[in-house]
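Notes follow the structure.
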Amino acid sequence: EMATQQVEKKNWPLAASAFQGVLEKDLPRNTLTKSFEWLAHCQMQMRQFGMARESLIKALRLYGNPRMQFGAGITRQDKTGIRSLLNLARCDHNLGGFDEARQACEAIIRIEPTNAVAHAELGLALARLGNLSKGLAEIDAGMKLAPFGQLAEGFRNRAQVHIMQGNLEAAKLDLEQAIIHRTSDVQYHLELGEVYAAMGDWDKAKVSFTNAQKFGADWPEPYFKLAQVLKVRADKLVSDGKPDDANKLYNEALELLVKCHEVDPSFAPAYGLHAEILKALGKPEDAKKILEKGALSAPGSLMSSIRDQLLPTLEPPPAVAPATTEAKPAEAKTEAPAPEPAKEGGAAPAKEGENKQSSATNRPPVIDVDTKVEAKEEQKVESR
């Protein structure tokens, strides 16, 4: 009962802890499988896809399937087992195990051939394995099985294939349809915002990321994406010669990133963006500190890569020692010949200093370094 109450409140950590307590008791198989399924659901909401996958495998093994043969022991009437297989496929998608996701979806279709969502998820797995045309055909098959041909997962997964094909306009239209059918899905809003950003429509991208923040206040990604939009706009203001307006947007972005760190201190990309903005504000030492904080709060290869990439850009350029010349022996003074009068139509004699180059021409060129860090998480969020 306590676990169910925490699920209703969307307090996922407490709910997960409560379900773990339930699983320590000696309970019937049906109760155990449902508890494992709910535990996995909570872990997926917290983006702990590896842990969720382990919980789902434990649930599926309760069907007398110790070797984890996909679907063994599950019947069409066993909705808990089918849901566990479907969530297993989603975890594998997020963990990059596309062939495992394919196997789980095919197992569901063998048990329940008319499962529309399984066909849509299978289509995405096939596309990510390189077969885009077969993937689209499988997604369309799932759409046809859905009531009135409308399936949120179908629209969303088809949009993902369109993105792989570089067809952003088609992806935008499908994601807009997906959101109509599932208005509060945070992941759908994030993905639509990313499509708008790729199309250069920063205003609509900001709207989508704001909607994601509205429905996913406990997700770090919406704060990060909104900060990215503000940085792009601020960078444009700097290039337009409006530093004061740019600084205002940079500081707004920093506020969003502070919130992002609070929501999820282990979200590595936020530290890289934070450091870039501090650098833009002329605070390289503060930028170094935030990268060091990220190294402690979000240890891992992604944070190490971000840190290694940005730290060298925060160091001042090395001082150049003045060139030394050997003293030459004084030459005997000779009388300079009197200048010849200029011929008619010829050039007048040069005045002293006239052929010297201006010091400005000897300055090194300004290099516009784009230190944008592509926020690529080790776990791509896809089942939210």
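Labels for the structure tokens follow display order: chains A, B, ..., residues from 1 in each chain, ligands from 1.
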Compile the contact shell of Phe19 in chain A as a ChimeraX atom specification: residues with an atom at most 12 Å away, counting only C-alpha atoms, same-chain residues fewer than 2 positions apart removed. /A:1-7,12-17,21-25,31-43,55
Quick one: residues within 8 Å of Phe215 in chain A, only C-alpha atoms, excluding same-chain residues fewer than 4 positions away - as a ChimeraX atom specification? /A:184-186,211
Which residues, written as a PyMOL selection string, have at least one atom at most 12 Å from Gly130 in chain A, with only C-alpha atoms counted and residues fewer than 5 positions away on the same chain left out? chain A and resi 98-99+123-125+135-136+161+164-165
Output all heavy atoms of each residue in that selection to a file, as a PDB file, in the first residue's frame.
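Output (result-v1.pdb):
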```pdb
ATOM      1  N   PHE A  98      20.036  -3.021 -29.282  1.00  0.00           N
ATOM      2  CA  PHE A  98      18.938  -3.028 -30.251  1.00  0.00           C
ATOM      3  C   PHE A  98      18.552  -4.440 -30.682  1.00  0.00           C
ATOM      4  O   PHE A  98      17.378  -4.710 -30.959  1.00  0.00           O
ATOM      5  CB  PHE A  98      19.307  -2.168 -31.460  1.00  0.00           C
ATOM      6  CG  PHE A  98      19.715  -0.766 -31.083  1.00  0.00           C
ATOM      7  CD1 PHE A  98      20.860  -0.195 -31.597  1.00  0.00           C
ATOM      8  CD2 PHE A  98      18.946  -0.032 -30.186  1.00  0.00           C
ATOM      9  CE1 PHE A  98      21.242   1.085 -31.237  1.00  0.00           C
ATOM     10  CE2 PHE A  98      19.323   1.254 -29.815  1.00  0.00           C
ATOM     11  CZ  PHE A  98      20.472   1.810 -30.341  1.00  0.00           C
ATOM     12  N   ASP A  99      19.515  -5.345 -30.752  1.00  0.00           N
ATOM     13  CA  ASP A  99      19.174  -6.721 -31.119  1.00  0.00           C
ATOM     14  C   ASP A  99      18.396  -7.394 -29.998  1.00  0.00           C
ATOM     15  O   ASP A  99      17.462  -8.170 -30.258  1.00  0.00           O
ATOM     16  CB  ASP A  99      20.435  -7.513 -31.451  1.00  0.00           C
ATOM     17  CG  ASP A  99      20.107  -8.819 -32.168  1.00  0.00           C
ATOM     18  OD1 ASP A  99      19.411  -8.770 -33.202  1.00  0.00           O
ATOM     19  OD2 ASP A  99      20.511  -9.887 -31.674  1.00  0.00           O
ATOM     20  N   GLY A 123       9.759  -2.140 -34.957  1.00  0.00           N
ATOM     21  CA  GLY A 123      10.156  -1.324 -36.100  1.00  0.00           C
ATOM     22  C   GLY A 123      11.322  -0.405 -35.776  1.00  0.00           C
ATOM     23  O   GLY A 123      12.260  -0.259 -36.571  1.00  0.00           O
ATOM     24  N   LEU A 124      11.290   0.196 -34.591  1.00  0.00           N
ATOM     25  CA  LEU A 124      12.393   1.085 -34.200  1.00  0.00           C
ATOM     26  C   LEU A 124      13.683   0.280 -34.022  1.00  0.00           C
ATOM     27  O   LEU A 124      14.766   0.730 -34.421  1.00  0.00           O
ATOM     28  CB  LEU A 124      12.039   1.814 -32.902  1.00  0.00           C
ATOM     29  CG  LEU A 124      13.076   2.814 -32.398  1.00  0.00           C
ATOM     30  CD1 LEU A 124      13.372   3.889 -33.429  1.00  0.00           C
ATOM     31  CD2 LEU A 124      12.627   3.451 -31.084  1.00  0.00           C
ATOM     32  N   ALA A 125      13.574  -0.920 -33.433  1.00  0.00           N
ATOM     33  CA  ALA A 125      14.767  -1.761 -33.253  1.00  0.00           C
ATOM     34  C   ALA A 125      15.370  -2.129 -34.607  1.00  0.00           C
ATOM     35  O   ALA A 125      16.594  -2.069 -34.799  1.00  0.00           O
ATOM     36  CB  ALA A 125      14.404  -3.009 -32.459  1.00  0.00           C
ATOM     37  N   GLY A 135      11.976  -1.377 -40.916  1.00  0.00           N
ATOM     38  CA  GLY A 135      11.544  -0.770 -39.666  1.00  0.00           C
ATOM     39  C   GLY A 135      10.292   0.071 -39.850  1.00  0.00           C
ATOM     40  O   GLY A 135       9.335  -0.028 -39.070  1.00  0.00           O
ATOM     41  N   LEU A 136      10.267   0.887 -40.905  1.00  0.00           N
ATOM     42  CA  LEU A 136       9.081   1.711 -41.180  1.00  0.00           C
ATOM     43  C   LEU A 136       7.867   0.830 -41.470  1.00  0.00           C
ATOM     44  O   LEU A 136       6.751   1.138 -41.022  1.00  0.00           O
ATOM     45  CB  LEU A 136       9.346   2.636 -42.363  1.00  0.00           C
ATOM     46  CG  LEU A 136      10.155   3.902 -42.066  1.00  0.00           C
ATOM     47  CD1 LEU A 136      10.481   4.639 -43.365  1.00  0.00           C
ATOM     48  CD2 LEU A 136       9.397   4.828 -41.121  1.00  0.00           C
ATOM     49  N   VAL A 161      12.801   7.331 -37.069  1.00  0.00           N
ATOM     50  CA  VAL A 161      13.332   6.822 -38.338  1.00  0.00           C
ATOM     51  C   VAL A 161      13.502   7.974 -39.332  1.00  0.00           C
ATOM     52  O   VAL A 161      14.493   8.038 -40.066  1.00  0.00           O
ATOM     53  CB  VAL A 161      12.421   5.724 -38.913  1.00  0.00           C
ATOM     54  CG1 VAL A 161      12.988   5.192 -40.231  1.00  0.00           C
ATOM     55  CG2 VAL A 161      12.267   4.578 -37.913  1.00  0.00           C
ATOM     56  N   MET A 164      16.680   9.642 -38.666  1.00  0.00           N
ATOM     57  CA  MET A 164      17.799   8.876 -39.224  1.00  0.00           C
ATOM     58  C   MET A 164      17.943   9.134 -40.729  1.00  0.00           C
ATOM     59  O   MET A 164      19.054   9.130 -41.269  1.00  0.00           O
ATOM     60  CB  MET A 164      17.587   7.379 -38.984  1.00  0.00           C
ATOM     61  CG  MET A 164      17.587   6.961 -37.525  1.00  0.00           C
ATOM     62  SD  MET A 164      17.247   5.169 -37.374  1.00  0.00           S
ATOM     63  CE  MET A 164      16.498   5.111 -35.749  1.00  0.00           C
ATOM     64  N   GLN A 165      16.824   9.360 -41.407  1.00  0.00           N
ATOM     65  CA  GLN A 165      16.839   9.607 -42.850  1.00  0.00           C
ATOM     66  C   GLN A 165      17.147  11.065 -43.180  1.00  0.00           C
ATOM     67  O   GLN A 165      17.303  11.399 -44.353  1.00  0.00           O
ATOM     68  CB  GLN A 165      15.491   9.225 -43.452  1.00  0.00           C
ATOM     69  CG  GLN A 165      15.168   7.735 -43.363  1.00  0.00           C
ATOM     70  CD  GLN A 165      13.761   7.426 -43.822  1.00  0.00           C
ATOM     71  OE1 GLN A 165      12.822   8.191 -43.568  1.00  0.00           O
ATOM     72  NE2 GLN A 165      13.588   6.307 -44.513  1.00  0.00           N
TER      73      GLN A 165
END
```
Hey, what's within 8 Å of Arg158 in chain A if we count only C-alpha atoms and toss same-chain stuff fewer than 2 positions away? As number ranges by chain, please? A: 124, 136, 139, 154-156, 160-162, 171, 174
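Distances to Glu176 in chain A were evaluated for A:Ala234, A:Ala101, A:Leu126, A:Leu192 using only C-alpha atoms, and the minimum falls at A:Leu192.
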Let's see if you can do this: from backbone DSSP, list all alpha helix (DSSP H) residues in range 11-164 of chain A, as an NGL selection string. :A and (12-23 or 29-45 or 49-61 or 79-94 or 98-111 or 116-128 or 132-145 or 152-164)
Distance in Å - CA of Ala137 in chain A versus CA of Asn167 in chain A: 16.8 Å
Using only C-alpha atoms, pick whichever of A:Asp218, A:Glu153, A:Glu54, A:Gly200 has the shortest atom-to-atom distance to Tyr188 in chain A.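 Comparing A:Asp218, A:Glu153, A:Glu54, A:Gly200 against Tyr188 in chain A, the winner is A:Glu153.
Of the residues listed (A:Pro222, A:Gly193, A:Pro312, A:Pro265), A:Pro312 shows the shortest atom-to-atom separation from Lys279 in chain A; distances use only C-alpha atoms.
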One-decimal distance in Å that lies between CA of Asp264 in chain A and CA of Arg47 in chain A: 10.8 Å
Pick the closest to Ala89 in chain A from A:Lys204, A:Ile111, A:Ala118, A:Gln77: which is it, counting only C-alpha atoms? A:Ala118
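Straight-line separation from CA of Ala178 in chain A to CA of Leu151 in chain A: 7.5 Å.
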7 Å contact set for Gly272 in chain A, only C-alpha atoms, chain neighbours under 3 positions out, as a PyMOL selection string: chain A and resi 269+275-276+291+306+373
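Minimum distance to Thr80 in chain A across A:Asp140, A:Asp92, A:Glu285, A:Tyr63 (counting only C-alpha atoms) occurs at A:Tyr63.
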